[in-house]
>>> print(open('model_35.txt').read())   # compact mmCIF, C-alpha atoms
# COMPACT_ATOMS: atom_id res chain seq x y z
CA MET A 1 113.27 101.33 140.39
CA PRO A 2 112.30 105.04 140.64
CA PRO A 3 109.12 106.30 138.99
CA THR A 4 109.48 107.15 135.33
CA ILE A 5 108.60 110.45 133.70
CA ASP A 6 105.36 110.27 131.76
CA ALA A 7 105.27 110.75 127.98
CA LYS A 8 103.40 114.07 128.13
CA THR A 9 105.98 115.70 130.44
CA SER A 10 108.87 114.22 128.48
CA SER A 11 107.42 115.53 125.20
CA LEU A 12 106.88 119.00 126.71
CA LEU A 13 110.49 119.15 127.95
CA ASN A 14 111.85 117.99 124.59
CA ARG A 15 109.76 120.58 122.74
CA LEU A 16 110.65 123.48 125.05
CA LEU A 17 114.26 122.71 125.90
CA GLY A 18 115.50 121.19 122.66
CA ASP A 19 119.00 119.83 123.20
CA ARG A 20 119.33 121.49 126.63
CA ASN A 21 118.44 118.28 128.41
CA PRO A 22 117.45 118.25 132.07
CA LEU A 23 119.93 116.55 134.36
CA ILE A 24 118.96 113.59 136.47
CA HIS A 25 119.86 114.63 139.98
CA PRO A 26 123.15 112.95 140.93
CA GLU A 27 122.33 112.46 144.61
CA GLU A 28 120.29 109.42 145.46
CA PRO A 29 117.76 109.62 148.28
CA THR A 30 118.53 107.23 151.12
CA GLY A 31 116.47 104.65 152.95
CA ASP A 32 113.07 103.31 151.93
CA ILE A 33 112.31 106.39 149.82
CA ARG A 34 115.16 105.62 147.37
CA GLU A 35 112.93 103.80 144.88
CA LYS A 36 109.99 106.17 145.21
CA ILE A 37 111.42 109.39 143.74
CA ALA A 38 112.80 110.54 140.41
CA LYS A 39 114.28 114.05 140.18
CA LEU A 40 115.28 116.22 137.23
CA ASP A 41 117.20 119.49 137.36
CA LEU A 42 116.24 121.81 134.54
CA PRO A 43 118.92 124.06 133.06
CA PRO A 44 118.98 127.59 134.52
CA ALA A 45 118.51 130.70 132.40
CA THR A 46 121.58 132.88 131.92
CA GLY A 47 121.93 135.11 134.98
CA ALA A 48 119.14 133.33 136.88
CA GLU A 49 119.21 133.21 140.67
CA TYR A 50 117.51 129.80 140.77
CA PHE A 51 116.66 126.82 138.59
CA PHE A 52 113.67 124.50 138.63
CA ARG A 53 113.77 120.91 139.86
CA LEU A 54 111.05 118.40 139.00
CA TRP A 55 110.10 115.64 141.41
CA PHE A 56 108.15 112.52 140.42
CA TYR A 57 106.84 110.32 143.24
CA GLU A 58 105.53 106.80 143.23
CA GLY A 59 101.75 106.96 143.12
CA GLY A 60 101.62 109.87 140.67
CA ASP A 61 102.35 112.87 142.94
CA ARG A 62 104.64 115.53 141.49
CA GLU A 63 106.40 118.70 142.54
CA ILE A 64 108.10 121.67 140.93
CA SER A 65 110.63 123.39 143.17
CA ALA A 66 113.04 126.28 142.76
CA VAL A 67 116.64 125.74 143.90
CA LEU A 68 118.90 128.72 144.58
CA ILE A 69 122.06 128.87 142.48
CA GLY A 70 125.29 129.43 144.36
CA HIS A 71 123.63 128.98 147.73
CA GLN A 72 125.79 127.23 150.29
CA ASN A 73 123.24 124.51 150.83
CA ASP A 74 121.38 122.86 147.94
CA ASP A 75 118.59 121.77 150.29
CA ALA A 76 117.69 125.30 151.46
CA TYR A 77 113.97 125.64 152.15
CA PHE A 78 112.67 127.69 149.24
CA TRP A 79 109.68 127.81 146.87
CA TYR A 80 107.91 124.65 145.70
CA ARG A 81 104.57 123.64 144.16
CA PRO A 82 103.29 120.19 145.13
CA LEU A 83 100.68 118.48 142.97
CA GLU A 84 99.15 115.56 144.80
CA MET A 85 96.68 112.94 143.67
CA GLY A 86 94.57 113.42 146.80
CA GLU A 87 94.25 117.21 146.34
CA SER A 88 90.94 116.90 144.55
CA ASN A 89 89.02 114.38 142.54
CA GLU A 90 91.49 114.65 139.67
CA SER A 91 92.59 111.64 137.70
CA GLU A 92 96.27 111.06 137.08
CA ASP A 93 95.79 112.45 133.54
CA ASP A 94 94.31 115.67 135.01
CA LEU A 95 97.24 115.96 137.42
CA VAL A 96 99.77 115.45 134.61
CA SER A 97 97.99 118.10 132.51
CA GLU A 98 98.01 120.61 135.37
CA PHE A 99 101.68 119.84 136.06
CA CYS A 100 102.60 120.38 132.39
CA GLU A 101 100.55 123.60 132.24
CA LYS A 102 102.37 125.06 135.28
CA LEU A 103 105.73 123.84 134.00
CA GLU A 104 105.23 125.39 130.56
CA ALA A 105 104.27 128.75 132.12
CA LEU A 106 107.41 128.69 134.28
CA LEU A 107 109.72 127.78 131.41
CA THR A 108 108.34 130.20 128.81
CA HIS A 109 108.01 133.35 130.93
CA GLU A 110 110.15 135.51 133.15
CA THR A 111 109.63 134.30 136.71
CA ARG A 112 110.27 135.57 140.20
CA VAL A 113 110.19 134.10 143.68
CA VAL A 114 109.26 136.51 146.44
CA GLN A 115 110.44 135.66 149.96
CA ARG A 116 108.96 137.65 152.84
CA LYS A 117 109.78 137.52 156.52
CA GLY A 118 106.73 137.87 158.78
CA TRP A 119 106.46 137.82 162.54
CA LEU A 120 105.82 134.10 162.76
CA PHE A 121 106.15 132.82 159.21
CA TRP A 122 108.33 132.86 156.13
CA HIS A 123 106.24 133.46 153.02
CA PHE A 124 107.21 132.26 149.52
CA ARG A 125 105.41 133.09 146.27
CA CYS A 126 106.33 132.27 142.67
CA GLU A 127 104.94 134.31 139.79
CA TYR A 128 105.44 134.56 136.06
CA TYR A 129 105.18 137.68 133.92
CA THR A 130 102.53 137.58 131.19
CA GLY A 131 103.68 140.77 129.47
CA GLU A 132 101.03 142.79 131.28
CA LYS A 133 101.15 141.62 134.88
CA TRP A 134 102.61 139.08 137.29
CA LYS A 135 100.46 135.96 137.66
CA SER A 136 100.75 133.76 140.74
CA VAL A 137 101.74 130.10 140.36
CA TYR A 138 101.65 129.11 144.03
CA SER A 139 102.39 130.52 147.46
CA TYR A 140 102.75 129.09 150.95
CA SER A 141 104.07 129.93 154.40
CA ALA A 142 106.44 128.14 156.78
CA PHE A 143 106.73 128.64 160.53
CA ARG A 144 109.84 130.67 161.39
CA GLY A 145 110.36 128.65 164.57
CA GLY A 146 110.76 125.46 162.53
CA ARG A 147 114.07 123.85 161.71
CA PHE A 148 114.00 124.96 158.07
CA LYS A 149 117.22 126.10 156.35
CA VAL A 150 115.68 129.25 154.88
CA PRO A 151 117.86 131.69 152.90
CA GLN A 152 118.66 134.61 155.18
CA ILE A 153 117.57 137.98 153.81
CA LYS A 154 118.20 141.59 154.74
CA GLY A 155 114.99 143.39 155.53
CA ARG A 156 111.54 141.88 155.28
CA LYS A 157 111.41 141.02 151.57
CA ARG A 158 113.69 139.59 148.87
CA VAL A 159 112.81 139.03 145.20
CA TYR A 160 114.73 136.45 143.12
CA HIS A 161 114.52 136.44 139.29
CA SER A 162 114.92 134.15 136.30
CA ALA A 163 114.54 134.82 132.60
CA PRO A 164 112.59 132.28 130.52
CA ILE A 165 114.63 129.20 129.65
CA ALA A 166 112.53 127.67 126.88
CA ILE A 167 113.41 127.90 123.22
CA GLY A 168 111.00 130.17 121.38
CA SER A 169 109.54 131.54 124.58
CA PRO A 170 107.16 134.52 124.38
>>> encode(input="model_35.txt", output="structure tokens")
Amino acid sequence: MPPTIDAKTSSLLNRLLGDRNPLIHPEEPTGDIREKIAKLDLPPATGAEYFFRLWFYEGGDREISAVLIGHQNDDAYFWYRPLEMGESNESEDDLVSEFCEKLEALLTHETRVVQRKGWLFWHFRCEYYTGEKWKSVYSYSAFRGGRFKVPQIKGRKRVYHSAPIAIGSP
């Protein structure tokens, strides 16, 4: 049986999304990993270029990822934020709190994902707008020589946007 979503995350989603329930991802992972992952697709904002997907792994690890809307391939390599139990000396409760804090910021603010093409690496950064400035959520780089299915962009930089999706967002 896949991992279940904790009460704190479930309560946060119910409070912020109201009756706009997240969708359990219809595709099942294959092989030994099948029972070790639960995935939820959150509803996209009107006019958004991406939506957020939540991943829950056996052992307490979690991930928030952005999935491009209307992209030919749903598994395109794009922005994600892993939260892993081994990252620091956090307890599972600390990890859940950090996950919920990041998730609430992403759902209640305008967000953007910036994709940059460097000489050797693709760079991805997600930010949310606080009303005064853009605040970084997480960024990382991926080797361009890898076998990643990265969205192709014209030029060296592409910015994707999403309005807030939460009810009563600031």
>>> closest_residue(input="model_35.txt", among="A:Ala166, A:Ser139, A:Pro82, A:Arg116", to="Leu12 of chain A", atoms="all atoms listed in the file")
A:Ala166
>>> residues_around(input="model_35.txt", residues="Val113 of chain A", least_positions_apart="2", cutoff="12 Å", atoms="only C-alpha atoms", output="ChimeraX atom specification")
/A:48-52,65-68,78-81,106,110-111,115-116,123-129,134-140,157-163
>>> closest_residue(input="model_35.txt", among="A:Leu54, A:Ile64, A:Leu17, A:Trp119", to="Thr4 of chain A", atoms="only C-alpha atoms")
A:Leu54
>>> closest_residue(input="model_35.txt", among="A:Gly60, A:Gly47, A:Gly70, A:Gly146", to="Glu92 of chain A", atoms="only C-alpha atoms")
A:Gly60
>>> closest_residue(input="model_35.txt", among="A:Arg112, A:Tyr77, A:Lys117, A:Asp61", to="Ser91 of chain A", atoms="only C-alpha atoms")
A:Asp61
>>> atom_distance(input="model_35.txt", atom1="atom CA of Asp6 of chain A", atom2="atom CA of Val96 of chain A")
8.1 Å
>>> atom_distance(input="model_35.txt", atom1="atom CA of Pro44 of chain A", atom2="atom CA of Ile165 of chain A")
6.7 Å
>>> closest_residue(input="model_35.txt", among="A:Gln152, A:Thr130, A:Ser141, A:Asn14", to="Leu42 of chain A", atoms="only C-alpha atoms")
A:Asn14
>>> closest_residue(input="model_35.txt", among="A:Gly131, A:Pro151, A:Gly86, A:Pro164", to="Thr108 of chain A", atoms="all atoms listed in the file")
A:Pro164
>>> atom_distance(input="model_35.txt", atom1="atom CA of Ile37 of chain A", atom2="atom CA of Glu63 of chain A")
10.6 Å
